[in-house]
Amino acid sequence: MGYSDGVVCVAQEPGGQGFEAATGDGPAPPAGPGRAAEVRTAYEGLMQIRRLVNGPRGPEVPAPWELRRMPRAVALVLEAAGLAPSAVAPDGRRTHTGYRVAAAPESGRVQVSWLGPPGGGAAEEEQERLSECGRVLERHGWECLLYRGPRRRRFLEVEPRR
């Protein structure tokens, strides 16, 4: 694992690509022990960075690099907690139900939504699942508010604890 320009990277893949947490906007991450080990290593690296740069507050609040790359940081916390990301096929269709992390319209915030394939039941479970996401994120120094947006779909608005 390395720390370069504030980005946590684990084993380099062919082409120089490091670990990327699943945001729910790409293909489904590979299943299996290899991915689980990468997630665990990246998460442990995140906690170590927090302890080193945050002083006495340690892992209670996000580190500065997390604030510059909030969607990645939030996605890593969710994936490390074992929550499932949504996924999108190359043609743009949603293929898996789970969280989706994206930058919010307001600077310094991200939005977490619960999405899935049409008819897959994501809308029915979104309040419960987003509440679970919120509990995980709040334990990791993020403040979360649950909102109802367009078409009455719920989403979390996430910002760093001050």
# chains A, B, ... in the order shown; residues from 1 in each chain; ligands from 1

call {"tool": "residues_around", "arguments": {"residues": "region 23-29 of chain A", "least_positions_apart": "5", "cutoff": "8 Å", "atoms": "only C-alpha atoms", "output": "list in words"}}
result
Arg35, Pro71, Arg72, Ala75, Pro85, Ser86, Ala87, Val88, Ala89, Pro90, His96, Gly98, Tyr99, Arg100, Val101 and Ala102 of chain A

call {"tool": "residues_around", "arguments": {"residues": "Arg154 (chain A)", "least_positions_apart": "4", "cutoff": "8 Å", "atoms": "only C-alpha atoms", "output": "ChimeraX atom specification"}}
result
/A:113-114,126-127,146-149

call {"tool": "write_last_selection", "arguments": {"atoms": "C-alpha atoms", "output": "PDB file, in the first residue's frame"}}
result
ATOM      1  CA  SER A 113     -28.761   7.009  -3.057  1.00  0.00           C
ATOM      2  CA  TRP A 114     -30.066   3.435  -3.185  1.00  0.00           C
ATOM      3  CA  GLU A 126     -34.251   2.603   0.179  1.00  0.00           C
ATOM      4  CA  GLN A 127     -35.234   4.160   3.526  1.00  0.00           C
ATOM      5  CA  LEU A 146     -32.031  11.848   4.787  1.00  0.00           C
ATOM      6  CA  TYR A 147     -34.011  13.777   2.152  1.00  0.00           C
ATOM      7  CA  ARG A 148     -36.767  13.016  -0.308  1.00  0.00           C
ATOM      8  CA  GLY A 149     -35.915  14.178  -3.790  1.00  0.00           C
TER       9      GLY A 149
END

call {"tool": "residues_around", "arguments": {"residues": "Val39 (chain A)", "least_positions_apart": "3", "cutoff": "6 Å", "atoms": "only C-alpha atoms", "output": "PDB file with C-alpha atoms, in the first residue's frame"}}
result
ATOM      1  CA  ALA A  36     -12.252  -8.265   0.115  1.00  0.00           C
ATOM      2  CA  ALA A  42      -7.473   0.333   1.737  1.00  0.00           C
ATOM      3  CA  ALA A  80     -15.558  -1.749   3.825  1.00  0.00           C
TER       4      ALA A  80
END

call {"tool": "residues_around", "arguments": {"residues": "region 142-144 of chain A", "least_positions_apart": "2", "cutoff": "8 Å", "atoms": "only C-alpha atoms", "output": "list in words"}}
result
Val61, Pro62, Gly134, Leu137, Glu138, Arg139, His140, Leu146, Leu156, Glu157, Val158, Glu159, Pro160 and Arg161 of chain A

call {"tool": "write_last_selection", "arguments": {"atoms": "N, CA, C and O atoms", "output": "PDB file, in the first residue's frame"}}
result
ATOM      1  N   VAL A  61     -12.706  11.764  12.607  1.00  0.00           N
ATOM      2  CA  VAL A  61     -13.089  12.715  11.560  1.00  0.00           C
ATOM      3  C   VAL A  61     -12.311  12.417  10.277  1.00  0.00           C
ATOM      4  O   VAL A  61     -11.208  11.876  10.324  1.00  0.00           O
ATOM      5  N   PRO A  62     -12.882  12.775   9.133  1.00  0.00           N
ATOM      6  CA  PRO A  62     -12.187  12.541   7.865  1.00  0.00           C
ATOM      7  C   PRO A  62     -10.860  13.297   7.778  1.00  0.00           C
ATOM      8  O   PRO A  62     -10.717  14.401   8.310  1.00  0.00           O
ATOM      9  N   GLY A 134     -26.246   5.605   6.551  1.00  0.00           N
ATOM     10  CA  GLY A 134     -26.043   6.767   7.413  1.00  0.00           C
ATOM     11  C   GLY A 134     -25.411   6.392   8.742  1.00  0.00           C
ATOM     12  O   GLY A 134     -24.501   7.083   9.227  1.00  0.00           O
ATOM     13  N   LEU A 137     -21.705   5.670   8.120  1.00  0.00           N
ATOM     14  CA  LEU A 137     -20.949   6.893   7.834  1.00  0.00           C
ATOM     15  C   LEU A 137     -20.799   7.769   9.079  1.00  0.00           C
ATOM     16  O   LEU A 137     -19.728   8.347   9.307  1.00  0.00           O
ATOM     17  N   GLU A 138     -21.837   7.875   9.888  1.00  0.00           N
ATOM     18  CA  GLU A 138     -21.752   8.699  11.093  1.00  0.00           C
ATOM     19  C   GLU A 138     -20.727   8.138  12.073  1.00  0.00           C
ATOM     20  O   GLU A 138     -20.051   8.903  12.763  1.00  0.00           O
ATOM     21  N   ARG A 139     -20.581   6.823  12.133  1.00  0.00           N
ATOM     22  CA  ARG A 139     -19.541   6.228  12.989  1.00  0.00           C
ATOM     23  C   ARG A 139     -18.140   6.564  12.472  1.00  0.00           C
ATOM     24  O   ARG A 139     -17.164   6.404  13.190  1.00  0.00           O
ATOM     25  N   HIS A 140     -18.052   7.003  11.229  1.00  0.00           N
ATOM     26  CA  HIS A 140     -16.762   7.328  10.614  1.00  0.00           C
ATOM     27  C   HIS A 140     -16.558   8.820  10.398  1.00  0.00           C
ATOM     28  O   HIS A 140     -15.748   9.228   9.563  1.00  0.00           O
ATOM     29  N   LEU A 146     -31.213  12.571   5.760  1.00  0.00           N
ATOM     30  CA  LEU A 146     -32.031  11.848   4.787  1.00  0.00           C
ATOM     31  C   LEU A 146     -33.053  12.808   4.193  1.00  0.00           C
ATOM     32  O   LEU A 146     -33.780  13.476   4.920  1.00  0.00           O
ATOM     33  N   LEU A 156     -29.318  10.334   0.893  1.00  0.00           N
ATOM     34  CA  LEU A 156     -28.564  10.924   1.995  1.00  0.00           C
ATOM     35  C   LEU A 156     -27.707  12.049   1.478  1.00  0.00           C
ATOM     36  O   LEU A 156     -27.067  11.906   0.429  1.00  0.00           O
ATOM     37  N   GLU A 157     -27.679  13.136   2.201  1.00  0.00           N
ATOM     38  CA  GLU A 157     -26.701  14.170   1.926  1.00  0.00           C
ATOM     39  C   GLU A 157     -25.639  14.045   3.016  1.00  0.00           C
ATOM     40  O   GLU A 157     -25.967  14.005   4.205  1.00  0.00           O
ATOM     41  N   VAL A 158     -24.394  13.932   2.599  1.00  0.00           N
ATOM     42  CA  VAL A 158     -23.289  13.614   3.501  1.00  0.00           C
ATOM     43  C   VAL A 158     -22.266  14.719   3.453  1.00  0.00           C
ATOM     44  O   VAL A 158     -21.876  15.189   2.381  1.00  0.00           O
ATOM     45  N   GLU A 159     -21.822  15.135   4.645  1.00  0.00           N
ATOM     46  CA  GLU A 159     -20.748  16.125   4.756  1.00  0.00           C
ATOM     47  C   GLU A 159     -19.876  15.765   5.945  1.00  0.00           C
ATOM     48  O   GLU A 159     -20.309  15.002   6.826  1.00  0.00           O
ATOM     49  N   PRO A 160     -18.663  16.276   5.993  1.00  0.00           N
ATOM     50  CA  PRO A 160     -17.777  15.933   7.112  1.00  0.00           C
ATOM     51  C   PRO A 160     -18.276  16.535   8.412  1.00  0.00           C
ATOM     52  O   PRO A 160     -18.823  17.648   8.425  1.00  0.00           O
ATOM     53  N   ARG A 161     -18.073  15.792   9.503  1.00  0.00           N
ATOM     54  CA  ARG A 161     -18.380  16.330  10.828  1.00  0.00           C
ATOM     55  C   ARG A 161     -17.383  17.449  11.111  1.00  0.00           C
ATOM     56  O   ARG A 161     -16.217  17.347  10.801  1.00  0.00           O
TER      57      ARG A 161
END

call {"tool": "select_by_dssp", "arguments": {"residues": "region 6-162 of chain A", "states": "alpha helix (DSSP H)", "output": "JSON, numbers by chain"}}
result
{"A": [33, 34, 35, 36, 37, 38, 39, 40, 41, 42, 43, 44, 45, 46, 47, 48, 49, 50, 51, 52, 53, 64, 65, 66, 67, 68, 70, 71, 72, 73, 74, 75, 76, 77, 78, 79, 80, 122, 123, 124, 125, 126, 127, 128, 129, 130, 131, 132, 133, 134, 135, 136, 137, 138, 139]}

call {"tool": "atom_distance", "arguments": {"atom1": "CA of Gly116 (chain A)", "atom2": "CA of Gly141 (chain A)"}}
result
27.1 Å

call {"tool": "residues_around", "arguments": {"residues": "region 30-34 of chain A", "least_positions_apart": "4", "cutoff": "12 Å", "atoms": "only C-alpha atoms", "output": "MDAnalysis selection string"}}
result
chainID A and resid 10:11 19:22 26 38:41 82 84:85 87

call {"tool": "write_last_selection", "arguments": {"atoms": "C-alpha atoms", "output": "PDB file, in the first residue's frame"}}
result
ATOM      1  CA  VAL A  10      -3.064  -0.852  -2.914  1.00  0.00           C
ATOM      2  CA  ALA A  11      -1.443  -3.354  -5.261  1.00  0.00           C
ATOM      3  CA  PHE A  19      -7.558   0.390  -5.898  1.00  0.00           C
ATOM      4  CA  GLU A  20     -10.848   2.177  -6.537  1.00  0.00           C
ATOM      5  CA  ALA A  21     -13.748   1.887  -4.104  1.00  0.00           C
ATOM      6  CA  ALA A  22     -17.050   1.016  -5.784  1.00  0.00           C
ATOM      7  CA  GLY A  26     -19.400   1.430 -12.687  1.00  0.00           C
ATOM      8  CA  GLU A  38      -8.055  -4.989  -1.237  1.00  0.00           C
ATOM      9  CA  VAL A  39     -10.983  -3.253   0.478  1.00  0.00           C
ATOM     10  CA  ARG A  40      -9.698  -4.232   3.930  1.00  0.00           C
ATOM     11  CA  THR A  41      -6.181  -2.980   3.115  1.00  0.00           C
ATOM     12  CA  GLY A  82     -19.940  -4.762   3.659  1.00  0.00           C
ATOM     13  CA  ALA A  84     -23.417  -3.578  -1.591  1.00  0.00           C
ATOM     14  CA  PRO A  85     -22.773  -1.019  -4.324  1.00  0.00           C
ATOM     15  CA  ALA A  87     -23.581  -1.366 -10.632  1.00  0.00           C
TER      16      ALA A  87
END
